[in-house]
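A.B. asks: query-v5.cif is reproduced in full below (mmCIF, C-alpha atoms).
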data_my_file
#
loop_
_atom_site.label_atom_id
_atom_site.label_comp_id
_atom_site.auth_asym_id
_atom_site.auth_seq_id
_atom_site.Cartn_x
_atom_site.Cartn_y
_atom_site.Cartn_z
CA MET A 1 -3.04 -18.76 -15.00
CA ILE A 2 -4.88 -17.47 -18.09
CA ARG A 3 -7.10 -19.69 -20.24
CA THR A 4 -8.52 -18.70 -23.63
CA GLU A 5 -11.34 -20.61 -25.29
CA HIS A 6 -12.68 -19.72 -28.72
CA ARG A 7 -16.42 -20.24 -29.18
CA GLY A 8 -16.85 -19.37 -32.81
CA ALA A 9 -16.17 -15.63 -33.07
CA VAL A 10 -16.26 -15.18 -29.27
CA ALA A 11 -13.03 -15.45 -27.27
CA VAL A 12 -13.53 -16.33 -23.59
CA VAL A 13 -10.51 -15.29 -21.52
CA THR A 14 -10.50 -16.68 -17.98
CA LEU A 15 -8.34 -15.60 -15.06
CA ASP A 16 -7.44 -18.89 -13.40
CA ARG A 17 -5.59 -18.32 -10.12
CA PRO A 18 -8.21 -19.70 -7.72
CA GLU A 19 -5.71 -19.99 -4.87
CA ARG A 20 -5.44 -16.15 -4.99
CA ARG A 21 -9.09 -15.51 -5.91
CA ASN A 22 -7.72 -14.64 -9.36
CA ALA A 23 -5.65 -11.71 -8.08
CA VAL A 24 -3.29 -10.48 -10.78
CA ASN A 25 0.49 -10.21 -10.62
CA HIS A 26 2.99 -9.13 -13.28
CA ASP A 27 2.87 -12.53 -15.01
CA ALA A 28 -0.93 -12.53 -15.10
CA LEU A 29 -0.99 -9.03 -16.59
CA ASN A 30 1.47 -10.09 -19.28
CA ALA A 31 -0.58 -13.20 -20.04
CA LEU A 32 -3.80 -11.17 -20.26
CA GLN A 33 -2.14 -8.72 -22.62
CA ALA A 34 -0.98 -11.62 -24.78
CA ALA A 35 -4.52 -13.03 -24.77
CA VAL A 36 -5.95 -9.72 -25.99
CA ASP A 37 -3.28 -9.49 -28.70
CA GLU A 38 -4.00 -13.07 -29.78
CA ALA A 39 -7.72 -12.35 -29.95
CA VAL A 40 -7.04 -9.40 -32.25
CA ALA A 41 -4.86 -11.54 -34.51
CA ALA A 42 -7.50 -14.29 -34.58
CA GLY A 43 -10.22 -11.99 -35.89
CA THR A 44 -12.31 -12.21 -32.72
CA ARG A 45 -15.71 -10.47 -32.82
CA VAL A 46 -16.27 -10.27 -29.03
CA LEU A 47 -13.97 -10.95 -26.07
CA VAL A 48 -15.49 -12.06 -22.75
CA LEU A 49 -13.27 -11.67 -19.68
CA THR A 50 -14.18 -13.74 -16.63
CA GLY A 51 -12.67 -15.50 -13.62
CA ALA A 52 -12.50 -19.12 -12.47
CA ASP A 53 -14.05 -20.74 -9.40
CA GLY A 54 -16.60 -18.13 -8.44
CA HIS A 55 -14.54 -14.94 -8.45
CA PHE A 56 -13.70 -12.43 -11.16
CA CYS A 57 -10.51 -10.87 -9.74
CA ALA A 58 -9.77 -10.02 -6.11
CA GLY A 59 -7.37 -7.25 -7.16
CA ALA A 60 -3.61 -7.02 -7.32
CA ASP A 61 -1.57 -9.83 -5.83
CA LEU A 62 0.11 -7.75 -3.13
CA SER A 63 2.96 -10.23 -2.82
CA ASP A 64 4.04 -9.03 -6.28
CA VAL A 65 3.22 -5.30 -6.13
CA GLU A 66 6.35 -3.46 -5.13
CA ASP A 67 6.44 -0.34 -7.28
CA GLU A 68 4.70 1.73 -9.93
CA GLY A 69 5.77 -0.72 -12.65
CA PHE A 70 2.77 -2.88 -11.83
CA VAL A 71 0.44 0.09 -12.35
CA THR A 72 2.11 0.87 -15.68
CA SER A 73 1.55 -2.70 -16.92
CA LEU A 74 -2.02 -2.68 -15.65
CA HIS A 75 -2.73 0.64 -17.37
CA GLN A 76 -1.45 -0.72 -20.69
CA LEU A 77 -3.80 -3.71 -20.35
CA LEU A 78 -6.79 -1.51 -19.47
CA VAL A 79 -6.21 0.65 -22.53
CA ALA A 80 -5.80 -2.47 -24.71
CA LEU A 81 -9.19 -3.76 -23.55
CA ARG A 82 -10.84 -0.42 -24.19
CA ARG A 83 -9.24 0.10 -27.63
CA ALA A 84 -9.53 -3.47 -28.95
CA PRO A 85 -11.19 -3.46 -32.40
CA PHE A 86 -14.13 -5.50 -31.07
CA PRO A 87 -16.46 -5.24 -28.05
CA THR A 88 -15.04 -6.49 -24.77
CA MET A 89 -17.29 -7.78 -22.01
CA ALA A 90 -16.64 -8.51 -18.33
CA ALA A 91 -18.66 -11.37 -16.84
CA VAL A 92 -18.38 -10.86 -13.09
CA GLU A 93 -19.15 -13.30 -10.33
CA GLY A 94 -17.80 -12.96 -6.79
CA PHE A 95 -15.22 -10.30 -6.04
CA ALA A 96 -14.05 -7.69 -8.55
CA LEU A 97 -11.94 -5.53 -6.26
CA GLY A 98 -9.21 -3.02 -7.03
CA ALA A 99 -7.62 -4.21 -10.26
CA GLY A 100 -10.70 -6.41 -10.72
CA THR A 101 -12.98 -3.38 -10.82
CA GLN A 102 -10.46 -1.66 -13.11
CA LEU A 103 -10.48 -4.59 -15.54
CA ALA A 104 -14.27 -4.72 -15.56
CA ALA A 105 -14.55 -0.95 -16.03
CA ALA A 106 -12.11 -1.07 -18.96
CA CYS A 107 -14.39 -3.46 -20.84
CA ASP A 108 -17.10 -2.02 -23.06
CA LEU A 109 -19.87 -4.04 -21.41
CA ARG A 110 -20.37 -5.57 -17.97
CA ILE A 111 -22.71 -8.30 -16.73
CA ALA A 112 -22.61 -9.44 -13.10
CA SER A 113 -24.36 -11.60 -10.56
CA ALA A 114 -26.50 -9.71 -8.04
CA THR A 115 -24.16 -10.83 -5.25
CA ALA A 116 -20.91 -9.84 -6.96
CA GLY A 117 -18.72 -7.30 -5.17
CA PHE A 118 -17.19 -4.20 -6.77
CA GLY A 119 -14.84 -1.79 -5.03
CA VAL A 120 -11.59 0.17 -5.16
CA PRO A 121 -9.99 -0.33 -1.70
CA ALA A 122 -6.76 1.48 -2.57
CA ALA A 123 -7.04 3.83 0.41
CA LYS A 124 -7.02 0.81 2.74
CA LEU A 125 -3.49 0.08 1.50
CA GLY A 126 -2.06 3.57 1.10
CA LEU A 127 -1.76 3.44 -2.68
CA MET A 128 -3.56 5.06 -5.64
CA VAL A 129 -4.97 3.90 -8.96
CA ASP A 130 -4.01 5.71 -12.15
CA GLN A 131 -5.91 8.80 -13.27
CA TRP A 132 -7.31 6.96 -16.31
CA THR A 133 -9.25 4.76 -13.89
CA VAL A 134 -10.56 7.78 -11.99
CA ARG A 135 -11.79 9.37 -15.22
CA THR A 136 -13.29 6.10 -16.41
CA LEU A 137 -15.26 5.65 -13.20
CA VAL A 138 -16.54 9.23 -13.43
CA ASP A 139 -17.59 8.58 -17.05
CA LEU A 140 -19.41 5.41 -16.04
CA VAL A 141 -21.16 6.33 -12.79
CA GLY A 142 -20.75 10.10 -12.39
CA GLN A 143 -18.87 12.17 -9.83
CA SER A 144 -21.06 11.26 -6.85
CA VAL A 145 -20.73 7.47 -7.04
CA ALA A 146 -17.09 7.65 -8.19
CA ARG A 147 -16.31 9.72 -5.09
CA GLU A 148 -18.06 7.14 -2.93
CA MET A 149 -16.07 4.29 -4.47
CA LEU A 150 -12.68 5.99 -4.22
CA LEU A 151 -13.04 7.92 -0.96
CA SER A 152 -14.86 5.33 1.15
CA ALA A 153 -13.22 2.16 -0.22
CA ASP A 154 -16.57 0.43 0.37
CA VAL A 155 -17.69 -2.58 -1.65
CA MET A 156 -20.98 -2.44 -3.56
CA THR A 157 -23.01 -5.45 -4.62
CA GLY A 158 -23.62 -6.36 -8.23
CA GLU A 159 -27.24 -5.36 -7.75
CA ARG A 160 -26.26 -1.85 -6.65
CA ALA A 161 -23.62 -1.67 -9.40
CA TRP A 162 -26.45 -2.33 -11.87
CA ALA A 163 -28.63 0.32 -10.21
CA VAL A 164 -25.94 3.02 -10.51
CA GLY A 165 -24.95 2.09 -14.07
CA LEU A 166 -21.60 0.40 -13.46
CA VAL A 167 -23.10 -2.89 -14.66
CA HIS A 168 -25.29 -3.14 -17.76
CA ARG A 169 -27.09 -6.36 -16.91
CA LEU A 170 -27.48 -8.80 -14.04
CA GLY A 171 -26.81 -12.39 -15.00
CA SER A 172 -24.44 -15.34 -15.18
CA LEU A 173 -21.54 -16.28 -17.43
CA ASP A 174 -24.03 -18.18 -19.60
CA ASP A 175 -26.04 -14.98 -19.97
CA ALA A 176 -22.87 -13.10 -20.89
CA LEU A 177 -21.97 -15.70 -23.53
CA ALA A 178 -25.45 -15.58 -25.03
CA TRP A 179 -25.23 -11.78 -25.20
CA ALA A 180 -21.72 -11.96 -26.70
CA GLU A 181 -22.85 -14.43 -29.36
CA ARG A 182 -25.65 -12.07 -30.42
CA ILE A 183 -23.26 -9.14 -30.60
CA ALA A 184 -20.79 -11.25 -32.60
CA ARG A 185 -23.38 -11.51 -35.38
CA LEU A 186 -23.56 -7.71 -35.79
CA ALA A 187 -21.55 -5.83 -38.42
CA PRO A 188 -17.95 -5.72 -37.13
CA LEU A 189 -16.95 -2.58 -39.00
CA SER A 190 -19.91 -0.73 -37.50
CA LEU A 191 -18.97 -1.84 -33.99
CA GLN A 192 -15.33 -0.94 -34.55
CA GLY A 193 -16.36 2.49 -35.79
CA PHE A 194 -18.65 3.07 -32.83
CA LYS A 195 -15.82 2.12 -30.46
CA ILE A 196 -13.58 4.72 -32.10
CA GLY A 197 -16.29 7.35 -31.74
CA LEU A 198 -16.97 6.46 -28.13
CA GLU A 199 -13.27 6.53 -27.28
CA GLU A 200 -12.87 9.95 -28.85
CA ALA A 201 -15.89 11.20 -26.89
CA ALA A 202 -14.37 10.03 -23.59
CA ALA A 203 -12.00 11.97 -21.39
CA VAL A 204 -8.43 12.21 -22.68
CA ASP A 205 -5.88 9.66 -21.52
CA GLN A 206 -3.51 12.09 -19.87
CA THR A 207 -2.25 12.33 -16.31
CA THR A 208 -2.14 15.85 -14.89
CA PRO A 209 0.99 17.07 -13.06
CA ALA A 210 -0.92 17.42 -9.77
CA TYR A 211 -2.26 13.86 -9.92
CA ARG A 212 1.15 12.49 -10.94
CA ALA A 213 2.77 14.15 -7.93
CA ALA A 214 0.10 12.81 -5.56
CA PHE A 215 0.40 9.35 -7.12
CA GLN A 216 4.17 9.28 -6.66
CA ARG A 217 3.87 10.51 -3.06
CA ALA A 218 1.45 7.69 -2.23
CA TRP A 219 3.47 4.92 -3.89
CA SER A 220 6.71 6.00 -2.16
CA SER A 221 5.12 6.70 1.24
CA ALA A 222 5.62 5.06 4.61
CA ASP A 223 1.85 4.60 4.65
CA PHE A 224 2.03 2.32 1.59
CA ALA A 225 4.73 0.24 3.30
CA GLU A 226 2.50 0.07 6.39
CA GLY A 227 -0.49 -0.93 4.28
CA LEU A 228 1.40 -3.83 2.70
CA ALA A 229 2.80 -4.93 6.06
CA ALA A 230 -0.62 -4.82 7.70
CA PHE A 231 -2.15 -6.81 4.85
CA GLY A 232 0.50 -9.51 5.18
CA GLU A 233 0.10 -9.60 8.97
CA LYS A 234 -3.73 -9.58 8.75
CA ARG A 235 -4.13 -6.50 10.94
CA THR A 236 -5.61 -3.04 10.58
CA PRO A 237 -3.02 -0.54 9.26
CA THR A 238 -2.15 2.63 11.13
CA PHE A 239 -1.70 5.47 8.62
CA GLU A 240 0.14 8.66 9.52
CA GLY A 241 -0.01 10.61 6.25
CA ARG A 242 3.68 10.37 5.47
#
Would you write the structure of this file as structure tokens?

C.D. replies:
Amino acid sequence: MIRTEHRGAVAVVTLDRPERRNAVNHDALNALQAAVDEAVAAGTRVLVLTGADGHFCAGADLSDVEDEGFVTSLHQLLVALRRAPFPTMAAVEGFALGAGTQLAAACDLRIASATAGFGVPAAKLGLMVDQWTVRTLVDLVGQSVAREMLLSADVMTGERAWAVGLVHRLGSLDDALAWAERIARLAPLSLQGFKIGLEEAAAVDQTTPAYRAAFQRAWSSADFAEGLAAFGEKRTPTFEGR
């Protein structure tokens, strides 16, 4: 499910659920969190997060997303990636949708193939991502593109993600590893200090009452139940706003 390979000071963490296009469930989130914790304990200099068999992460495994507990676990993992005491890098090939885009956005650096696919299709299912993700997307790509991603649920290519600043470089996993190895030779205390400064310059990690109420309405709605049912039945959902 999760594989970790240490290449000197670089830890390569691979999502390995090819039968689900590396979609994450509760167990995968727990295993990813354990992999991050292990990398910290091992003195890792750079962590590269990637996916097996041509896809990064197709999102949440909807067969195992029943309540807000999944979002809570995902949020804890996103924060762990962002606050790790070393640079984290997402190497994206294929789909990075929903939770996949969230995982990539939580990393400090992102490299992707030109044909990769990024998107947050939450509105197609009647659910919402946490407010931390909304703020992170705004920080990365600005209000205009963040609104496009969240309000249209469209998928953008890796090439466009690079053009709008969501992705730092276009390239392969090999390119990501070469970049990570160069970064791993830099002064770790400097990088750790810069990460602290960057985190303190970012928007605060706090959910507002209005967003919390909207989030809870969405996750307990009949529309969410309809979205899950439609996904399982491979049909277009009919949302009624209730």

A.B. asks: Mind giving me the straight-line distance from atom CA of Arg17 of chain A to atom CA of Arg135 of chain A in Å, one decimal?

C.D. replies: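 Between atom CA of Arg17 of chain A and atom CA of Arg135 of chain A the gap is 28.8 Å.
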
A.B. asks: Calculated over only C-alpha atoms, which of the candidates A:Asp223, A:Glu240, A:Asp154, A:Asp16 has the smallest distance to Ile2 of chain A?

C.D. replies: A:Asp16

A.B. asks: Can you translate the PyMOL selection byres ((chain A and resi 70-81) around 8) into the concrete residues it hits in this file, as a VMD selection string?

C.D. replies: chain A and resid 25 to 26 29 to 30 32 to 33 36 65 to 69 82 to 84 88 99 102 to 103 106 to 107 129 to 130 132

A.B. asks: Could you tell me, as a PyMOL selection string, which residues have any atom at most 12 Å from (-14.7, -2.8, -29.2), counting all atoms listed in the file?

C.D. replies: chain A and resi 36+39-40+44-48+79-89+106-109+180+183-184+187-199

A.B. asks: Translate the PyMOL selection byres ((chain A and resi 218) around 10), as applied to the file shown, into an explicit residue set as a short mmCIF file (atom, residue, chain, number, x, y, z; two decimals) with C-alpha atoms, in the frame of the given file.

C.D. replies:
data_model
loop_
_atom_site.label_atom_id
_atom_site.label_comp_id
_atom_site.auth_asym_id
_atom_site.auth_seq_id
_atom_site.Cartn_x
_atom_site.Cartn_y
_atom_site.Cartn_z
CA ALA A 123 -7.04 3.83 0.41
CA LEU A 125 -3.49 0.08 1.50
CA GLY A 126 -2.06 3.57 1.10
CA LEU A 127 -1.76 3.44 -2.68
CA MET A 128 -3.56 5.06 -5.64
CA ARG A 212 1.15 12.49 -10.94
CA ALA A 213 2.77 14.15 -7.93
CA ALA A 214 0.10 12.81 -5.56
CA PHE A 215 0.40 9.35 -7.12
CA GLN A 216 4.17 9.28 -6.66
CA ARG A 217 3.87 10.51 -3.06
CA TRP A 219 3.47 4.92 -3.89
CA SER A 220 6.71 6.00 -2.16
CA SER A 221 5.12 6.70 1.24
CA ALA A 222 5.62 5.06 4.61
CA ASP A 223 1.85 4.60 4.65
CA PHE A 224 2.03 2.32 1.59
CA ALA A 225 4.73 0.24 3.30
CA GLY A 241 -0.01 10.61 6.25
CA ARG A 242 3.68 10.37 5.47
#

A.B. asks: Using only C-alpha atoms, give me every residue within 7 Å of (-12.5, -10.2, -8.7) in file coordinates, as a list in words.

C.D. replies: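 Neighbouring residues, ordered by chain and number, come to Arg21, Asn22, His55, Phe56, Cys57, Ala58, Gly59, Gly94, Phe95, Ala96, Leu97 and Gly100 of chain A.
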
A.B. asks: Have a look at atom CA of Phe239 of chain A and atom CA of Phe118 of chain A and let me know their distance in Å, one decimal.

C.D. replies: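 Here the two named atoms are 23.9 Å from each other.
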
A.B. asks: Please evaluate the PyMOL selection byres ((chain A and resi 149) around 10) against the structure above and give the resulting residues as a compact mmCIF listing (two decimals) with C-alpha atoms, keeping the file's coordinate frame.

C.D. replies:
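Contents of the output file result-v4.txt:
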# COMPACT_ATOMS: atom_id res chain seq x y z
CA PHE A 118 -17.19 -4.20 -6.77
CA GLY A 119 -14.84 -1.79 -5.03
CA VAL A 120 -11.59 0.17 -5.16
CA PRO A 121 -9.99 -0.33 -1.70
CA ALA A 122 -6.76 1.48 -2.57
CA VAL A 134 -10.56 7.78 -11.99
CA LEU A 137 -15.26 5.65 -13.20
CA VAL A 141 -21.16 6.33 -12.79
CA GLN A 143 -18.87 12.17 -9.83
CA SER A 144 -21.06 11.26 -6.85
CA VAL A 145 -20.73 7.47 -7.04
CA ALA A 146 -17.09 7.65 -8.19
CA ARG A 147 -16.31 9.72 -5.09
CA GLU A 148 -18.06 7.14 -2.93
CA LEU A 150 -12.68 5.99 -4.22
CA LEU A 151 -13.04 7.92 -0.96
CA SER A 152 -14.86 5.33 1.15
CA ALA A 153 -13.22 2.16 -0.22
CA ASP A 154 -16.57 0.43 0.37
CA VAL A 155 -17.69 -2.58 -1.65
CA MET A 156 -20.98 -2.44 -3.56

A.B. asks: Distance atom CA of Ala52 of chain A-atom CA of Asp64 of chain A, one decimal place?

C.D. replies: 20.3 Å

A.B. asks: Set the distance at 6 Å and use all atoms listed in the file: which residues neighbour Ala60 of chain A once local chain neighbours fewer than 2 positions away are removed? I'd like the list as a PyMOL selection string.

C.D. replies: chain A and resi 23-24+62+99

A.B. asks: Include C-alpha atoms and write out the residues we just selected as a PDB file, in the frame of the given file.

C.D. replies:
ATOM      1  CA  ALA A  23      -5.650 -11.710  -8.080  1.00  0.00           C
ATOM      2  CA  VAL A  24      -3.290 -10.480 -10.780  1.00  0.00           C
ATOM      3  CA  LEU A  62       0.110  -7.750  -3.130  1.00  0.00           C
ATOM      4  CA  ALA A  99      -7.620  -4.210 -10.260  1.00  0.00           C
TER       5      ALA A  99
END

A.B. asks: What lies within 12 Å of Trp162 of chain A using all atoms listed in the file, ignoring chain neighbours under 3 positions off, as a list in words?

C.D. replies: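 In the requested format, the answer is Val92, Leu109, Arg110, Ile111, Ala112, Ser113, Ala114, Thr115, Ala116, Gly117, Phe118, Leu140, Val141, Met156, Thr157, Gly158, Glu159, Gly165, Leu166, Val167, His168, Arg169, Leu170 and Gly171 of chain A.
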
A.B. asks: Write out the residues from the selection above, keeping C-alpha atoms, as a tab-separated table (two decimals), in the frame of the given file.

C.D. replies:
chain	number	residue	atom	x	y	z
A	92	VAL	CA	-18.38	-10.86	-13.09
A	109	LEU	CA	-19.87	-4.04	-21.41
A	110	ARG	CA	-20.37	-5.57	-17.97
A	111	ILE	CA	-22.71	-8.30	-16.73
A	112	ALA	CA	-22.61	-9.44	-13.10
A	113	SER	CA	-24.36	-11.60	-10.56
A	114	ALA	CA	-26.50	-9.71	-8.04
A	115	THR	CA	-24.16	-10.83	-5.25
A	116	ALA	CA	-20.91	-9.84	-6.96
A	117	GLY	CA	-18.72	-7.30	-5.17
A	118	PHE	CA	-17.19	-4.20	-6.77
A	140	LEU	CA	-19.41	5.41	-16.04
A	141	VAL	CA	-21.16	6.33	-12.79
A	156	MET	CA	-20.98	-2.44	-3.56
A	157	THR	CA	-23.01	-5.45	-4.62
A	158	GLY	CA	-23.62	-6.36	-8.23
A	159	GLU	CA	-27.24	-5.36	-7.75
A	165	GLY	CA	-24.95	2.09	-14.07
A	166	LEU	CA	-21.60	0.40	-13.46
A	167	VAL	CA	-23.10	-2.89	-14.66
A	168	HIS	CA	-25.29	-3.14	-17.76
A	169	ARG	CA	-27.09	-6.36	-16.91
A	170	LEU	CA	-27.48	-8.80	-14.04
A	171	GLY	CA	-26.81	-12.39	-15.00

A.B. asks: Nearest residue to Thr238 of chain A out of A:Ala31, A:Arg185, A:Lys124, A:Ala176, using all atoms listed in the file?

C.D. replies: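 Comparing A:Ala31, A:Arg185, A:Lys124, A:Ala176 against Thr238 of chain A, the winner is A:Lys124.
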
A.B. asks: Which of these residues is nearest to Val13 of chain A, using all atoms listed in the file: A:Ala42, A:Ala178, A:Ala163, A:Ala90?

C.D. replies: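 Answer, going by the shortest atom-to-atom distance: A:Ala90.
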
A.B. asks: Which residue, A:Ala230, A:Thr133, A:Thr14, A:Ala41, has the smallest gap to Ala28 of chain A when you use all atoms listed in the file?

C.D. replies: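 The closest residue to Ala28 of chain A is A:Thr14.
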
A.B. asks: Using all atoms listed in the file, find the one residue out of A:Glu233, A:Glu181, A:Ala105, A:Gly98 that sits nearest to Arg7 of chain A.

C.D. replies: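 Looking at the shortest contact to Arg7 of chain A, the residue is A:Glu181.
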
A.B. asks: Could you tell me which of A:Met1, A:Gly51, A:Val164, A:Ser63 comes closest to Ala104 of chain A if we count only C-alpha atoms?

C.D. replies: A:Gly51
